[in-house]
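This report concerns only the one structure given below.
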Amino acid sequence: MFPKRSLFGIEIDAVAMRDAVLQLKKWVDDDVNNCRCRYVVTPNVDHTVLLTGNQQLQESYRHADLILADGFPIVWASRFLCRPLPERVPGSELVPSLFDSYQQPGRLRVFLLGAAEGVAARAAAKMNRHWPGVETVGVYSPPLGFEHDDDETNYILGRIALTRPDVVVVGL
């Protein structure tokens, strides 16, 4: 798919924002009937530190479909180490760029997961005003520590499955 740069024990995709958005759109548009779950991670310096001792996080990065450099320090280090990444592709800009690419109302179905209670609902309201081509089909703010509670995790998965989103935006 994209060339990779090995940095800090992570295989980061050497991709610019435009190409990342095009890839996400392709996955969404091509997988409508396929229902293959894919995920993107956006490492920053904090992630690189956490990865050194966290096997579960390392495993999640190994299986990610796209790994994009979120922070400028990652991009700067890539250039210093002669493994250049084209640019920073932060999740906070990737998601709006993806939404911008959908112009027809109801074309992209999105579920918002995470943040404090009420934040996702406020974000959904703003999204619906700004991006008519994006339909928010669900929001949920799980309690802190939900990842250690199988019942809560199953509840979240059930809510997501019922809404059948094209994209789940996770903000934790």
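Residues are referred to by chain and number: the chain letter is A, B, ... according to the order shown in the structure tokens, the number counts from 1 in that chain, and ligands are numbered separately from 1 in the order shown.
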
Among chain A, which ones does DSSP place in alpha helix (DSSP H), written as an MDAnalysis selection string?
chainID A and resid 17:30 45:51 55:62 72:80 91:100 119:130 150:163

Please provide as a PyMOL selection string all residues within 9 Å of stretch 98-101 of chain A, with the sequence filter that same-chain residues fewer than 6 positions apart are discarded (counting only C-alpha atoms).
chain A and resi 20-22+24-25+108+127+131+133-134

Residues from last step as file, N, CA and C atoms, as an mmCIF file, in the first residue's frame:
```cif
data_model
loop_
_atom_site.group_PDB
_atom_site.id
_atom_site.type_symbol
_atom_site.label_atom_id
_atom_site.label_comp_id
_atom_site.auth_asym_id
_atom_site.auth_seq_id
_atom_site.Cartn_x
_atom_site.Cartn_y
_atom_site.Cartn_z
ATOM 1 N N ALA A 20 -3.907 9.782 2.603
ATOM 2 C CA ALA A 20 -4.542 9.075 3.720
ATOM 3 C C ALA A 20 -6.060 9.178 3.600
ATOM 4 N N VAL A 21 -6.564 10.363 3.289
ATOM 5 C CA VAL A 21 -8.010 10.556 3.123
ATOM 6 C C VAL A 21 -8.524 9.722 1.955
ATOM 7 N N LEU A 22 -7.807 9.737 0.849
ATOM 8 C CA LEU A 22 -8.223 8.930 -0.304
ATOM 9 C C LEU A 22 -8.288 7.445 0.050
ATOM 10 N N LEU A 24 -8.794 6.133 3.090
ATOM 11 C CA LEU A 24 -9.946 5.914 3.971
ATOM 12 C C LEU A 24 -11.248 5.895 3.169
ATOM 13 N N LYS A 25 -11.390 6.843 2.241
ATOM 14 C CA LYS A 25 -12.587 6.862 1.393
ATOM 15 C C LYS A 25 -12.713 5.575 0.598
ATOM 16 N N LEU A 108 -21.866 9.344 4.618
ATOM 17 C CA LEU A 108 -20.917 8.728 5.544
ATOM 18 C C LEU A 108 -21.577 8.623 6.909
ATOM 19 N N MET A 127 -21.003 18.666 13.919
ATOM 20 C CA MET A 127 -20.712 17.927 12.684
ATOM 21 C C MET A 127 -21.900 17.991 11.732
ATOM 22 N N TRP A 131 -21.036 19.440 8.224
ATOM 23 C CA TRP A 131 -20.867 18.422 7.186
ATOM 24 C C TRP A 131 -22.197 17.725 6.908
ATOM 25 N N GLY A 133 -22.973 15.909 4.567
ATOM 26 C CA GLY A 133 -22.736 14.592 3.992
ATOM 27 C C GLY A 133 -22.366 13.540 5.020
ATOM 28 N N VAL A 134 -22.297 13.961 6.277
ATOM 29 C CA VAL A 134 -21.932 13.038 7.358
ATOM 30 C C VAL A 134 -23.125 12.888 8.290
#
```

Sel. of strand (DSSP E or B) residues, stretch 4-159 of chain A, as a list in words:
Lys4, Arg5, Ser6, Leu7, Ile10, Glu11, Ile12, Asp13, Val40, Val41, Leu66, Ile67, Leu108, Arg109, Val110, Phe111, Leu112, Leu113, Gly114, Val134, Glu135, Thr136, Val137, Gly138, Val139 and Tyr140 of chain A

Within 8 Å of A:Ala124, counting only C-alpha atoms, which residues qualify if same-chain residues fewer than 5 places away don't, as an mmCIF file with C-alpha atoms, in the first residue's frame?
```
data_model
loop_
_atom_site.group_PDB
_atom_site.id
_atom_site.type_symbol
_atom_site.label_atom_id
_atom_site.label_comp_id
_atom_site.auth_asym_id
_atom_site.auth_seq_id
_atom_site.Cartn_x
_atom_site.Cartn_y
_atom_site.Cartn_z
ATOM 1 C CA LEU A 112 -18.474 8.847 17.984
ATOM 2 C CA THR A 136 -23.919 10.774 13.084
ATOM 3 C CA VAL A 139 -22.501 8.605 20.262
#
```

Write out as an MDAnalysis selection string which residues come within 10 Å of A:Arg83 when counting only C-alpha atoms, dropping same-chain ones fewer than 4 positions away.
chainID A and resid 4:7 14 75:79

A:Gln104, A:Cys37, A:Asp149, A:Asp30: which is nearest A:Arg164, counting only C-alpha atoms?
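Result for the nearest residue to A:Arg164: A:Cys37.
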